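Source file final.cif; content: mmCIF, C-alpha atoms.
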data_coords
#
loop_
_atom_site.label_atom_id
_atom_site.label_comp_id
_atom_site.auth_asym_id
_atom_site.auth_seq_id
_atom_site.Cartn_x
_atom_site.Cartn_y
_atom_site.Cartn_z
CA MET A 1146 186.11 27.61 107.68
CA SER A 1147 189.01 26.83 110.01
CA PHE A 1148 190.22 29.56 112.34
CA ASP A 1149 193.72 28.02 112.24
CA ILE A 1150 196.24 30.84 111.83
CA GLU A 1151 198.67 28.90 109.61
CA THR A 1152 195.93 27.93 107.16
CA ILE A 1153 194.56 31.47 107.00
CA VAL A 1154 198.01 32.95 106.40
CA SER A 1155 198.82 30.36 103.73
CA ASP A 1156 195.56 31.04 101.88
CA SER A 1157 195.91 34.81 102.25
CA THR A 1158 199.49 34.85 100.97
CA LYS A 1159 198.17 33.45 97.69
CA LEU A 1160 195.44 36.11 97.57
CA PHE A 1161 197.57 39.08 98.56
CA SER A 1162 201.08 38.92 97.14
CA LEU A 1163 203.79 41.45 96.41
CA PRO A 1164 205.07 41.85 92.82
CA THR A 1165 208.24 40.14 91.61
CA ILE A 1166 209.99 43.49 91.25
CA PHE A 1167 209.72 44.09 95.01
CA HIS A 1168 211.42 40.76 95.74
CA LYS A 1169 214.21 41.79 93.35
CA ILE A 1170 214.58 45.10 95.19
CA ASN A 1171 214.63 43.29 98.53
CA GLN A 1172 217.24 40.84 97.28
CA VAL A 1173 219.62 43.50 95.98
CA VAL A 1174 219.23 45.64 99.13
CA ASN A 1175 220.09 42.63 101.31
CA ASP A 1176 223.21 41.91 99.27
CA PRO A 1177 226.24 43.37 101.14
CA GLU A 1178 228.07 43.79 97.83
CA THR A 1179 225.37 45.97 96.30
CA THR A 1180 225.84 49.62 95.32
CA PHE A 1181 223.43 52.56 95.20
CA GLN A 1182 223.46 52.23 91.42
CA ASP A 1183 222.45 48.54 91.63
CA VAL A 1184 219.43 49.43 93.78
CA ALA A 1185 218.51 52.34 91.53
CA GLU A 1186 218.65 50.16 88.39
CA ILE A 1187 216.18 47.63 89.85
CA ILE A 1188 213.79 50.31 91.10
CA SER A 1189 213.93 52.10 87.74
CA GLN A 1190 212.49 49.02 86.04
CA ASP A 1191 209.13 50.06 87.51
CA VAL A 1192 208.29 53.49 86.07
CA SER A 1193 205.29 54.00 88.36
CA LEU A 1194 207.30 53.11 91.47
CA THR A 1195 210.12 55.42 90.37
CA ALA A 1196 207.70 58.33 90.00
CA ARG A 1197 206.12 57.68 93.40
CA LEU A 1198 209.44 57.39 95.21
CA LEU A 1199 210.77 60.59 93.66
CA LYS A 1200 207.52 62.31 94.57
CA ILE A 1201 207.78 61.31 98.21
CA ALA A 1202 211.52 62.10 98.30
CA ASN A 1203 210.65 65.66 97.31
CA SER A 1204 207.64 65.97 99.63
CA SER A 1205 207.22 67.28 103.17
CA PHE A 1206 207.64 63.66 104.31
CA PHE A 1207 211.41 64.32 104.18
CA GLY A 1208 211.57 68.08 103.77
CA PHE A 1209 214.82 68.17 101.80
CA SER A 1210 215.79 71.65 100.63
CA ASP A 1211 217.39 70.47 97.36
CA LYS A 1212 215.40 68.73 94.64
CA ILE A 1213 216.02 65.01 94.22
CA ASP A 1214 215.62 64.24 90.53
CA THR A 1215 217.03 60.70 90.13
CA ILE A 1216 216.55 57.42 91.96
CA THR A 1217 220.31 57.09 92.39
CA HIS A 1218 220.30 60.44 94.21
CA ALA A 1219 217.31 59.30 96.30
CA VAL A 1220 219.08 56.08 97.30
CA SER A 1221 222.25 57.96 98.27
CA VAL A 1222 220.36 60.54 100.36
CA ILE A 1223 217.60 58.41 101.89
CA GLY A 1224 219.31 55.01 102.01
CA SER A 1225 218.75 51.62 100.36
CA ASP A 1226 216.89 50.02 103.27
CA GLN A 1227 214.67 53.05 103.69
CA LEU A 1228 213.82 53.29 100.00
CA ARG A 1229 213.04 49.56 99.94
CA ASP A 1230 210.62 50.06 102.83
CA LEU A 1231 208.92 52.96 101.03
CA ALA A 1232 208.65 50.79 97.90
CA LEU A 1233 206.83 48.21 100.02
CA GLY A 1234 204.43 50.92 101.14
CA THR A 1235 203.56 51.75 97.55
CA TYR A 1236 202.96 48.10 96.65
CA VAL A 1237 200.89 47.17 99.71
CA ILE A 1238 197.82 49.15 98.66
CA ASP A 1239 197.93 47.61 95.19
CA ALA A 1240 198.11 44.12 96.74
CA PHE A 1241 194.71 44.62 98.39
CA LYS A 1242 192.94 46.38 95.51
CA GLY A 1243 190.64 43.42 94.89
CA MET A 1244 189.13 43.57 98.39
CA ASN A 1245 185.34 43.48 98.70
CA GLN A 1246 184.32 46.83 100.19
CA ASN A 1247 180.97 45.75 101.63
CA SER A 1248 182.41 45.58 105.15
CA ILE A 1249 184.95 48.40 105.03
CA SER A 1250 185.84 51.45 102.97
CA MET A 1251 189.31 50.77 101.61
CA GLU A 1252 189.94 54.46 101.03
CA SER A 1253 189.17 55.28 104.65
CA PHE A 1254 191.13 52.24 105.85
CA TRP A 1255 194.29 53.24 104.01
CA LYS A 1256 193.98 56.87 105.06
CA HIS A 1257 193.95 55.76 108.70
CA SER A 1258 196.87 53.41 108.02
CA ILE A 1259 198.93 56.11 106.32
CA ALA A 1260 198.19 58.58 109.14
CA ALA A 1261 199.30 55.99 111.70
CA GLY A 1262 202.44 55.41 109.64
CA ILE A 1263 203.23 59.13 109.50
CA ALA A 1264 202.69 59.52 113.25
CA SER A 1265 204.88 56.49 113.94
CA ARG A 1266 207.63 57.88 111.72
CA VAL A 1267 207.47 61.32 113.36
CA ILE A 1268 207.83 59.74 116.81
CA ALA A 1269 210.67 57.54 115.51
CA VAL A 1270 212.50 60.63 114.23
CA TYR A 1271 212.19 62.24 117.68
CA LYS A 1272 213.62 59.01 119.12
CA ARG A 1273 216.48 59.20 116.58
CA SER A 1274 215.56 55.79 115.22
CA GLU A 1275 218.04 54.34 112.73
CA ASN A 1276 215.28 53.65 110.18
CA PRO A 1277 212.11 55.74 110.73
CA GLU A 1278 210.73 54.52 107.37
CA ARG A 1279 210.65 50.97 108.73
CA LEU A 1280 208.39 52.19 111.53
CA TYR A 1281 206.31 54.10 108.99
CA ILE A 1282 205.63 50.76 107.27
CA ALA A 1283 204.84 49.02 110.57
CA GLY A 1284 202.40 51.82 111.38
CA MET A 1285 200.89 51.65 107.92
CA LEU A 1286 200.40 47.86 108.26
CA HIS A 1287 199.28 47.70 111.89
CA GLU A 1288 195.66 46.94 110.90
CA VAL A 1289 196.40 44.63 107.96
CA GLY A 1290 195.05 41.64 109.91
CA ARG A 1291 191.60 43.20 109.72
CA LEU A 1292 191.73 43.04 105.92
CA ILE A 1293 192.72 39.36 106.16
CA ILE A 1294 189.74 38.72 108.42
CA PHE A 1295 187.32 40.55 106.12
CA ALA A 1296 188.68 38.71 103.07
CA ASN A 1297 188.41 35.22 104.59
CA PHE A 1298 185.37 35.31 106.87
CA GLU A 1299 182.48 37.06 105.15
CA LYS A 1300 179.70 35.38 107.19
CA GLU A 1301 181.55 35.71 110.47
CA VAL A 1302 182.29 39.37 109.75
CA GLU A 1303 178.58 40.06 109.23
CA LYS A 1304 177.92 38.60 112.68
CA ILE A 1305 180.83 40.51 114.25
CA LEU A 1306 179.70 43.83 112.78
CA GLU A 1307 176.12 43.20 113.89
CA VAL A 1308 177.30 42.62 117.46
CA TYR A 1309 179.64 45.62 117.19
CA GLY A 1310 176.75 47.86 116.21
CA GLN A 1311 174.79 46.83 119.30
CA GLU A 1312 177.51 46.91 121.95
CA ASP A 1313 179.83 49.57 123.36
CA ASP A 1314 182.86 47.38 122.92
CA LEU A 1315 185.99 47.49 120.79
CA LEU A 1316 185.92 45.59 117.52
CA CYS A 1317 189.21 43.89 118.42
CA ASN A 1318 187.57 42.39 121.53
CA ILE A 1319 184.68 41.02 119.50
CA GLU A 1320 187.16 39.55 117.00
CA LYS A 1321 188.86 37.68 119.83
CA GLU A 1322 185.55 36.33 121.11
CA GLN A 1323 184.71 35.04 117.62
CA PHE A 1324 188.08 33.63 116.53
CA GLY A 1325 190.21 33.23 119.65
CA TRP A 1326 192.62 35.89 118.34
CA ASN A 1327 192.31 39.45 117.03
CA HIS A 1328 193.47 41.26 113.90
CA ALA A 1329 196.75 42.34 115.52
CA PHE A 1330 197.86 38.75 116.12
CA LEU A 1331 196.72 37.61 112.66
CA GLY A 1332 198.35 40.60 110.97
CA ALA A 1333 201.70 39.87 112.60
CA GLU A 1334 201.58 36.24 111.45
CA PHE A 1335 200.69 37.35 107.92
CA LEU A 1336 203.55 39.86 107.80
CA LYS A 1337 206.00 37.06 108.59
CA SER A 1338 205.12 35.63 105.18
CA TRP A 1339 206.13 38.98 103.66
CA ASN A 1340 209.48 38.75 105.48
CA LEU A 1341 209.11 41.94 107.48
CA SER A 1342 211.64 42.49 110.26
CA GLU A 1343 211.13 41.14 113.78
CA PRO A 1344 210.67 44.63 115.30
CA GLN A 1345 207.93 45.39 112.77
CA ILE A 1346 206.17 42.08 113.36
CA GLU A 1347 206.24 42.40 117.15
CA ALA A 1348 205.08 46.02 116.97
CA VAL A 1349 202.06 45.02 114.87
CA LYS A 1350 201.28 42.03 117.09
CA PHE A 1351 201.23 44.02 120.33
CA HIS A 1352 200.23 47.51 119.16
CA LEU A 1353 197.00 47.25 121.16
CA ASN A 1354 198.85 46.08 124.29
CA PRO A 1355 202.39 47.49 123.97
CA LEU A 1356 203.50 46.48 127.47
CA GLU A 1357 203.16 42.82 126.41
CA ALA A 1358 205.93 43.19 123.80
CA LYS A 1359 208.98 41.20 124.85
CA SER A 1360 211.91 42.27 122.68
CA TYR A 1361 210.89 45.50 120.97
CA GLN A 1362 208.87 47.53 123.45
CA LYS A 1363 210.10 50.87 122.11
CA GLU A 1364 209.04 50.07 118.53
CA THR A 1365 205.73 48.67 119.75
CA ALA A 1366 205.06 51.78 121.84
CA ILE A 1367 205.73 53.93 118.77
CA ILE A 1368 203.16 52.03 116.67
CA HIS A 1369 200.67 52.08 119.57
CA PHE A 1370 200.78 55.87 119.75
CA GLY A 1371 200.93 56.22 115.98
CA SER A 1372 197.60 54.44 115.74
CA VAL A 1373 196.10 56.39 118.63
CA ILE A 1374 197.17 59.74 117.17
CA ALA A 1375 195.67 58.88 113.76
CA LYS A 1376 192.43 57.98 115.53
CA ILE A 1377 192.37 61.15 117.64
CA LEU A 1378 192.94 63.29 114.54
CA GLY A 1379 190.09 61.50 112.76
CA LEU A 1380 192.21 60.71 109.71
CA GLY A 1381 190.48 57.77 108.04
CA ASN A 1382 189.10 54.73 109.83
CA GLY A 1383 190.67 51.31 110.25
CA GLY A 1384 187.36 49.74 111.22
CA GLU A 1385 187.30 50.74 114.89
CA ASN A 1386 184.78 53.41 115.84
CA PHE A 1387 186.19 53.93 119.33
CA ILE A 1388 189.67 54.97 120.42
CA PRO A 1389 191.36 51.83 121.84
CA LYS A 1390 192.80 51.94 125.35
CA ILE A 1391 195.71 54.37 125.53
CA GLU A 1392 198.58 52.73 127.41
CA THR A 1393 200.15 55.71 129.16
CA LYS A 1394 202.98 53.61 130.60
CA ALA A 1395 204.11 52.94 127.03
CA TRP A 1396 204.83 56.67 126.71
CA ASP A 1397 207.27 56.29 129.60
CA ILE A 1398 209.12 53.66 127.55
CA LEU A 1399 209.67 56.26 124.83
CA GLY A 1400 211.10 58.74 127.30
CA LEU A 1401 209.75 61.74 125.38
CA PRO A 1402 208.33 64.86 127.06
CA ILE A 1403 204.55 65.07 126.95
CA ASP A 1404 204.70 68.63 125.63
CA ILE A 1405 206.08 67.29 122.34
CA LEU A 1406 202.64 65.93 121.41
CA PRO A 1407 201.26 69.16 119.84
CA SER A 1408 204.26 69.20 117.49
CA ILE A 1409 203.68 65.55 116.55
CA PHE A 1410 200.00 66.25 115.87
CA GLN A 1411 200.90 69.26 113.71
CA GLN A 1412 203.46 67.34 111.65
CA VAL A 1413 201.08 64.45 111.02
CA ASP A 1414 198.35 66.83 109.96
CA SER A 1415 200.65 68.81 107.65
CA GLN A 1416 202.12 65.71 105.95
CA PHE A 1417 198.88 63.73 105.65
CA ALA A 1418 197.29 64.97 102.40
CA GLU A 1419 200.55 64.93 100.44
CA THR A 1420 201.52 61.46 101.67
CA VAL A 1421 198.07 60.05 100.88
CA ASP A 1422 198.42 61.48 97.36
CA VAL A 1423 201.77 59.73 96.91
CA PHE A 1424 200.72 56.32 98.18
CA MET A 1425 197.12 56.28 96.97
CA GLY A 1426 197.10 58.77 94.09
#

Spell out the structure here as structure tokens.
Amino acid sequence: MSFDIETIVSDSTKLFSLPTIFHKINQVVNDPETTFQDVAEIISQDVSLTARLLKIANSSFFGFSDKIDTITHAVSVIGSDQLRDLALGTYVIDAFKGMNQNSISMESFWKHSIAAGIASRVIAVYKRSENPERLYIAGMLHEVGRLIIFANFEKEVEKILEVYGQEDDLLCNIEKEQFGWNHAFLGAEFLKSWNLSEPQIEAVKFHLNPLEAKSYQKETAIIHFGSVIAKILGLGNGGENFIPKIETKAWDILGLPIDILPSIFQQVDSQFAETVDVFMG
């Protein structure tokens, strides 16, 4: 099979697609004439999505003191863009439900991804990011390229995992030796087909090497540390048994005090089980 990125992305887009309802939500959110009620009406067409979004709106993920009991209320409090991004998070896991689990535990994979998303969002909140939920999604999808590799290259993956089991090297390095690129690069190219934003795509592409990001170093640094924190806490497994290189200079880009880390760890840990229940339950 060809290792050509465009071919792989084209084939994978057919395998792993988002439902029509999400594209409707995306369309109405991007319409400058839209109202909160318009967004709520589209979301409400999917009963399961409505229940999940209300559940997360009332969870420790946001920590609102008052109960949010309608989607219209959720849109007005959380925001249309943010709710659209959370809707994407609920659909992503469903999109990959048909994955063969011989090479990876999907439950463990998504737990790691969700933990990385939570950590990324917590850091984004400290940075007063305009849309922390967008960085949650980038964190949640930072390893999606690995699923694309496992879905398209069964024989090659067997060889990669055999080498990985015998060497003290990172899986991402072995991927690059085999294909000429790693899961981060492939994942970013795939997410372009899902029309994610440029900051999200660049953050996924360079999350292993955040100093190489050109336009969105802050966002990339956030996803880098989101992934590292999830790994340190041992919350799920994205396929890598070792903790990738921690780029300490990327922390300088964030401009946050180092003594904030215990608070970030605590928030990720406290939100993890409830968020997993919402997105995977």

Box in all listed atoms of region 1300-1310 of chain A, axis-aligned, with 3 Å more on each side; write out centre and edge lengths in Å to one decimal as JSON.
{"center_x": 179.2, "center_y": 41.6, "center_z": 112.3, "size_x": 12.2, "size_y": 18.5, "size_z": 16.3}

Next item on the list: For the file shown, report as an MDAnalysis selection string the outcome of the PyMOL selection byres ((chain A and resi 1296) around 10) at residue level.
Entry: chainID A and resid 1157 1160:1161 1241 1243:1246 1248 1290:1295 1297:1299 1302

Next item on the list: On this file, the PyMOL selection byres ((chain A and resi 1265) around 6) gives some set of residues; write that set as a list of chain:residue names.
Entry: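 Applying the PyMOL selection byres ((chain A and resi 1265) around 6) to the structure shown produces A:Gly1262, A:Ile1263, A:Ala1264, A:Arg1266, A:Val1267, A:Ile1268, A:Tyr1281, A:Gly1284, A:Ile1367, A:Ile1368, A:Gly1371.
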
Next item on the list: Pick out the residues sitting within 12 Å of Ser1415 (chain A), and hand them over as a PyMOL selection string; count only C-alpha atoms, and ignore anything fewer than 3 positions along from it in its own chain.
Entry: chain A and resi 1204-1206+1208+1260+1263-1264+1267+1378+1380+1408-1412+1418-1421

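Comparing the minimum interatomic distances between Ala1202 (chain A) and each of A:Asn1175, A:Gln1190, A:Leu1231, A:Lys1159, counting all atoms listed in the file, we find that A:Leu1231 sits nearest.
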
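Within 9 Å of Trp1339 (chain A), once only C-alpha atoms are used and residues closer than 3 positions along the same chain are dropped, the contacting residues are Thr1158, Ser1162, Leu1163, Phe1335 and Leu1336 of chain A.
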
Next item on the list: Write out as a PyMOL selection string which residues come within 9 Å of Lys1390 (chain A) when counting only C-alpha atoms, dropping same-chain ones fewer than 3 positions away.
Entry: chain A and resi 1353-1354+1373

Next item on the list: Quick one: everything within 12 Å of Leu1199 (chain A), counting only C-alpha atoms, minus sequence neighbours fewer than 5 positions away in the same chain. Send it as number ranges by chain.
Entry: A: 1185, 1188-1189, 1192-1194, 1204, 1206-1207, 1209, 1212-1220, 1222-1223, 1228, 1231-1232, 1423-1424

Check: Residues at most 10 Å from Tyr1271 (chain A), counting all atoms listed in the file, excluding those fewer than 6 positions away in the same chain, as a ChimeraX atom specification?
Finding: /A:1277,1399,1401,1405,1409

Next item on the list: Work out how far apart CA of Phe1387 (chain A) and CA of Lys1256 (chain A) are and give it in Å to one decimal.
Entry: 16.5 Å

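If you measure from each of A:Ile1346, A:Asn1386, A:Lys1304, A:Ser1225 to Gln1323 (chain A) using only C-alpha atoms, the closest one turns out to be A:Lys1304.
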
Notebook entry, point to check: At what distance in Å, to one decimal, does CA of Leu1233 (chain A) lie from CA of Ile1187 (chain A)?
Noted result: 13.8 Å

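The spacing separating CA of Asn1203 (chain A) from CA of Glu1364 (chain A) amounts to 26.4 Å.
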